[in-house]
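Notes follow the structure.
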Amino acid sequence: MRLLLNPRHGTPGIVVLPAGGFRRAKAEITSWDGYAPTPLHDLPDIAVRAGVAMVRLKDESPRFGLGSFKALGGAYAVATLLTTELARRGVASHAGSSDLASGRYAEATQAITITCATDGNHGRAVAWGARRFHCRCVIFVHETVSQPRIDAIAAYGADVQRVRGNYDDAVREADRQAQTHGWFVVSDTAYGGYTEVPRTVMQGYRLMADEAADQWQGPPPTHVFMQAGVGGAAAAVSVQMRSRFNPAPALVIVEPENAACLLASGERGAPATVPGELDTIMAGLACGEPSLLAWQELERSATAFMAIPDEAAADAMRLLAQHNLIIGESGVAGLAACLLVSAQTDARRSLRVAADSRILLFGTEGATDPEVYQRIVGATAR
Ligand SMILES: Cc1ncc(COP(=O)(O)O)c(C=O)c1O
């Protein structure tokens, strides 16, 4: 593992996610059919193993029946984009997501195509949102996205297209095709000149952390170990932790060792790209370029950045399975990092992990690729 204490931790910066945007996201998403807070599990055996007072894990696998937290962002951004477009086109000035879902504006929304790149979960969430809110959807996946993940997206009626290269190449292809055809990109990553949609996505993700804060009982968490791909989810968790807990828990950003673009950015002091195939079993975290918005939040709020090997994630999956929790490769990275840190005296000291620490983790996906899950854990995902 690699651990980098963030030299810029605590420096002042801009507000990336204003409070009003979260209030709107929460009001909309909690009104959707099928909305229910996901459970927060106490894991006392794992806390003993880690030598801390408490480990709690928010299990995102039941979220809207999609297997991950991603609908909170991707599907919410689809609804927001359609609402804005209906207003701009003079069709409806204040349509809410329930109006969209009812099909009342379907004639107008079906003329709108949204697109994005994905390594699985985001595309599935966007495709689900497109079906729910009645618009067309084209999803781009890179070479190594597995067939079960593609099938899960296509099941919602999206047109799924494969692109050569890695996730970042798929992001560029979605952008290029959108410009050619007049489609709308619903990306979970912000880049130069493209920040509004990913900001909306991140506002939606905050609900996951907000629920965890509501569910948390007793003295507040001291540490959050949060996995990152482009960093949007981690930044959303960061903002919400700061708004709900004072002092905010220490935030450790966790990435696969072959795709640690936030750690590289922390080293460089500016957004950095990790090239290559980004080979890792943690498919949702295989991103080589950080989201600009996420970086703006995390560069000052992250206590540390960590890069972990695949085996640590596989071990964490098996450990959770013993506790009847089915969490996928990308979803366990925070736990894997927490266990690695807790086993090393120096790392414990640097991050102030001690016997009285209370650790919050987000199990951001279930067995979203059941074949991979079975291969790693040796048991079928229920
Ligand atoms: C299960 C899971 N966890 C975490 C993440 C990381 O989210 P982000 O790319 O916003 O950092 C992803 C991204 O796809 C994911 O699928």
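Identifiers in the structure tokens: chain A, B, ... in order shown; residue index from 1 per chain; ligand index from 1 in order shown.
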
Could I get the residue neighbourhood of ligand 1 at 6 Å, counting only C-alpha atoms and all ligand atoms, as an mmCIF file with N, CA and C atoms, in the first residue's frame?
```
data_model
loop_
_atom_site.group_PDB
_atom_site.id
_atom_site.type_symbol
_atom_site.label_atom_id
_atom_site.label_comp_id
_atom_site.auth_asym_id
_atom_site.auth_seq_id
_atom_site.Cartn_x
_atom_site.Cartn_y
_atom_site.Cartn_z
ATOM 1 N N SER A 68 -25.913 -0.323 -6.521
ATOM 2 C CA SER A 68 -24.894 0.642 -6.086
ATOM 3 C C SER A 68 -25.538 1.982 -5.748
ATOM 4 N N ASN A 121 -21.347 1.018 -13.216
ATOM 5 C CA ASN A 121 -22.407 1.466 -12.316
ATOM 6 C C ASN A 121 -23.035 2.803 -12.714
ATOM 7 N N HIS A 122 -22.225 3.749 -13.136
ATOM 8 C CA HIS A 122 -22.795 5.050 -13.515
ATOM 9 C C HIS A 122 -23.714 4.889 -14.734
ATOM 10 N N GLN A 227 -13.525 5.162 -0.860
ATOM 11 C CA GLN A 227 -12.927 4.808 -2.140
ATOM 12 C C GLN A 227 -13.217 5.870 -3.203
ATOM 13 N N ALA A 228 -12.309 5.961 -4.177
ATOM 14 C CA ALA A 228 -12.488 6.959 -5.235
ATOM 15 C C ALA A 228 -12.066 6.411 -6.585
ATOM 16 N N GLY A 229 -12.872 6.790 -7.590
ATOM 17 C CA GLY A 229 -12.486 6.623 -8.987
ATOM 18 C C GLY A 229 -12.036 7.993 -9.463
ATOM 19 N N VAL A 230 -12.997 8.787 -9.948
ATOM 20 C CA VAL A 230 -12.677 10.181 -10.289
ATOM 21 C C VAL A 230 -12.764 11.080 -9.058
ATOM 22 N N GLY A 231 -13.334 10.578 -7.977
ATOM 23 C CA GLY A 231 -13.358 11.323 -6.711
ATOM 24 C C GLY A 231 -14.683 12.014 -6.401
ATOM 25 N N GLY A 232 -15.652 11.924 -7.307
ATOM 26 C CA GLY A 232 -16.922 12.628 -7.096
ATOM 27 C C GLY A 232 -17.657 12.152 -5.856
ATOM 28 N N ALA A 233 -17.716 10.848 -5.666
ATOM 29 C CA ALA A 233 -18.430 10.308 -4.507
ATOM 30 C C ALA A 233 -17.711 10.689 -3.224
ATOM 31 N N ALA A 234 -16.388 10.578 -3.236
ATOM 32 C CA ALA A 234 -15.612 10.914 -2.036
ATOM 33 C C ALA A 234 -15.764 12.398 -1.697
ATOM 34 N N GLY A 284 -14.927 -0.061 -10.800
ATOM 35 C CA GLY A 284 -15.540 1.261 -10.651
ATOM 36 C C GLY A 284 -14.531 2.334 -10.257
ATOM 37 N N LEU A 285 -13.366 1.906 -9.835
ATOM 38 C CA LEU A 285 -12.352 2.869 -9.371
ATOM 39 C C LEU A 285 -11.220 3.014 -10.383
ATOM 40 N N SER A 330 -15.276 -2.817 -5.886
ATOM 41 C CA SER A 330 -15.047 -1.377 -5.702
ATOM 42 C C SER A 330 -15.631 -0.913 -4.373
ATOM 43 N N GLY A 331 -16.646 -1.608 -3.919
ATOM 44 C CA GLY A 331 -17.342 -1.185 -2.711
ATOM 45 C C GLY A 331 -16.587 -1.435 -1.418
ATOM 46 N N THR A 364 -20.080 0.792 -1.340
ATOM 47 C CA THR A 364 -20.760 1.530 -2.412
ATOM 48 C C THR A 364 -21.421 0.651 -3.473
ATOM 49 N N GLU A 365 -21.144 -0.642 -3.460
ATOM 50 C CA GLU A 365 -21.843 -1.523 -4.409
ATOM 51 C C GLU A 365 -22.009 -2.907 -3.815
#
```

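Within stretch 205-374 of chain A, residues classed as strand (DSSP E or B) by DSSP on backbone coordinates are His223, Val224, Phe225, Met226, Gln227, Ala250, Leu251, Val252, Ile253, Val254, Glu255, Pro256, Ala304, Phe305, Met306, Ala307, Ile308, Arg358, Ile359, Leu360, Leu361, Phe362, Gly363 and Glu365 of chain A.
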
request  = List every residue of stretch 24-239 of chain A that DSSP, applied to the backbone of this structure, assigns to alpha helix (DSSP H), and report them as a PyMOL selection string.
outcome  = chain A and resi 24-29+44-50+71-88+97-102+106-109+121-133+147-154+167-181+196-215+232-239

message = Quick one: residues within 10 Å of A:Gln177, only C-alpha atoms, excluding same-chain residues fewer than 4 positions away - as a PyMOL selection string?
response = chain A and resi 115-116+138+140+172-173+181-185

Within 12 Å of A:Val239, counting only C-alpha atoms, which residues qualify if same-chain residues fewer than 5 places away don't, as an mmCIF file with N, CA and C atoms, in the first residue's frame?
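Produced file out.cif, reproduced below:
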```cif
data_model
loop_
_atom_site.group_PDB
_atom_site.id
_atom_site.type_symbol
_atom_site.label_atom_id
_atom_site.label_comp_id
_atom_site.auth_asym_id
_atom_site.auth_seq_id
_atom_site.Cartn_x
_atom_site.Cartn_y
_atom_site.Cartn_z
ATOM 1 N N ILE A 14 -12.747 27.068 -2.319
ATOM 2 C CA ILE A 14 -14.070 27.502 -2.762
ATOM 3 C C ILE A 14 -15.144 26.485 -2.352
ATOM 4 N N VAL A 15 -16.413 26.952 -2.365
ATOM 5 C CA VAL A 15 -17.526 26.044 -2.083
ATOM 6 C C VAL A 15 -17.859 25.306 -3.385
ATOM 7 N N VAL A 16 -17.622 24.017 -3.390
ATOM 8 C CA VAL A 16 -17.841 23.230 -4.613
ATOM 9 C C VAL A 16 -19.308 22.822 -4.738
ATOM 10 N N LEU A 17 -19.928 22.502 -3.605
ATOM 11 C CA LEU A 17 -21.318 22.032 -3.619
ATOM 12 C C LEU A 17 -22.178 22.897 -2.684
ATOM 13 N N PRO A 18 -22.796 23.955 -3.207
ATOM 14 C CA PRO A 18 -23.601 24.832 -2.352
ATOM 15 C C PRO A 18 -24.778 24.088 -1.713
ATOM 16 N N ALA A 19 -25.162 24.554 -0.519
ATOM 17 C CA ALA A 19 -26.181 23.852 0.277
ATOM 18 C C ALA A 19 -27.530 23.759 -0.440
ATOM 19 N N PHE A 22 -27.990 20.746 -2.644
ATOM 20 C CA PHE A 22 -28.253 19.500 -1.925
ATOM 21 C C PHE A 22 -29.694 19.445 -1.431
ATOM 22 N N MET A 202 -22.947 15.003 -7.977
ATOM 23 C CA MET A 202 -22.340 14.965 -6.634
ATOM 24 C C MET A 202 -23.322 15.430 -5.560
ATOM 25 N N GLN A 203 -24.182 16.390 -5.911
ATOM 26 C CA GLN A 203 -25.206 16.810 -4.932
ATOM 27 C C GLN A 203 -26.091 15.621 -4.568
ATOM 28 N N GLY A 204 -26.426 14.806 -5.577
ATOM 29 C CA GLY A 204 -27.229 13.612 -5.317
ATOM 30 C C GLY A 204 -26.490 12.622 -4.426
ATOM 31 N N TYR A 205 -25.196 12.409 -4.685
ATOM 32 C CA TYR A 205 -24.415 11.461 -3.870
ATOM 33 C C TYR A 205 -24.410 11.854 -2.397
ATOM 34 N N ARG A 206 -24.526 13.145 -2.131
ATOM 35 C CA ARG A 206 -24.456 13.589 -0.729
ATOM 36 C C ARG A 206 -25.513 12.921 0.137
ATOM 37 N N LEU A 207 -26.609 12.508 -0.495
ATOM 38 C CA LEU A 207 -27.695 11.905 0.274
ATOM 39 C C LEU A 207 -27.228 10.632 1.002
ATOM 40 N N MET A 208 -26.330 9.893 0.363
ATOM 41 C CA MET A 208 -25.798 8.674 0.992
ATOM 42 C C MET A 208 -25.120 9.025 2.327
ATOM 43 N N ALA A 209 -24.302 10.068 2.312
ATOM 44 C CA ALA A 209 -23.591 10.468 3.531
ATOM 45 C C ALA A 209 -24.542 11.119 4.529
ATOM 46 N N ASP A 210 -25.544 11.808 4.006
ATOM 47 C CA ASP A 210 -26.524 12.452 4.869
ATOM 48 C C ASP A 210 -27.316 11.397 5.651
ATOM 49 N N GLY A 232 -15.652 11.924 -7.307
ATOM 50 C CA GLY A 232 -16.922 12.628 -7.096
ATOM 51 C C GLY A 232 -17.657 12.152 -5.856
ATOM 52 N N ALA A 233 -17.716 10.848 -5.666
ATOM 53 C CA ALA A 233 -18.430 10.308 -4.507
ATOM 54 C C ALA A 233 -17.711 10.689 -3.224
ATOM 55 N N ALA A 234 -16.388 10.578 -3.236
ATOM 56 C CA ALA A 234 -15.612 10.914 -2.036
ATOM 57 C C ALA A 234 -15.764 12.398 -1.697
ATOM 58 N N ARG A 244 -22.242 17.949 8.524
ATOM 59 C CA ARG A 244 -22.990 17.272 9.585
ATOM 60 C C ARG A 244 -22.202 17.058 10.882
ATOM 61 N N PHE A 245 -20.876 17.005 10.808
ATOM 62 C CA PHE A 245 -20.088 16.728 12.015
ATOM 63 C C PHE A 245 -19.034 17.808 12.230
ATOM 64 N N ASN A 246 -18.941 18.280 13.460
ATOM 65 C CA ASN A 246 -17.942 19.274 13.785
ATOM 66 C C ASN A 246 -17.241 18.854 15.080
ATOM 67 N N ALA A 248 -15.148 17.598 11.613
ATOM 68 C CA ALA A 248 -15.394 16.564 10.599
ATOM 69 C C ALA A 248 -14.426 15.408 10.830
ATOM 70 N N PRO A 249 -14.871 14.171 10.536
ATOM 71 C CA PRO A 249 -13.933 13.046 10.667
ATOM 72 C C PRO A 249 -12.762 13.186 9.691
ATOM 73 N N LEU A 251 -10.591 12.204 6.716
ATOM 74 C CA LEU A 251 -11.036 11.554 5.477
ATOM 75 C C LEU A 251 -9.828 10.973 4.739
ATOM 76 N N LEU A 293 -13.930 19.034 -10.144
ATOM 77 C CA LEU A 293 -14.699 19.479 -8.968
ATOM 78 C C LEU A 293 -14.305 18.679 -7.735
ATOM 79 N N ALA A 294 -14.161 17.382 -7.934
ATOM 80 C CA ALA A 294 -13.786 16.526 -6.801
ATOM 81 C C ALA A 294 -12.425 16.958 -6.262
ATOM 82 N N GLN A 296 -11.079 19.886 -6.393
ATOM 83 C CA GLN A 296 -11.178 21.168 -5.680
ATOM 84 C C GLN A 296 -11.627 20.976 -4.229
ATOM 85 N N GLU A 297 -12.479 19.988 -4.003
ATOM 86 C CA GLU A 297 -12.896 19.698 -2.629
ATOM 87 C C GLU A 297 -11.814 18.906 -1.886
ATOM 88 N N LEU A 298 -11.340 17.831 -2.527
ATOM 89 C CA LEU A 298 -10.480 16.889 -1.807
ATOM 90 C C LEU A 298 -9.079 17.422 -1.568
ATOM 91 N N ARG A 300 -8.141 19.970 -0.303
ATOM 92 C CA ARG A 300 -8.010 20.641 0.996
ATOM 93 C C ARG A 300 -8.700 19.880 2.124
ATOM 94 N N SER A 301 -9.632 18.961 1.770
ATOM 95 C CA SER A 301 -10.373 18.279 2.837
ATOM 96 C C SER A 301 -9.849 16.882 3.139
ATOM 97 N N ALA A 302 -9.143 16.258 2.188
ATOM 98 C CA ALA A 302 -8.642 14.901 2.448
ATOM 99 C C ALA A 302 -7.490 14.972 3.438
#
```
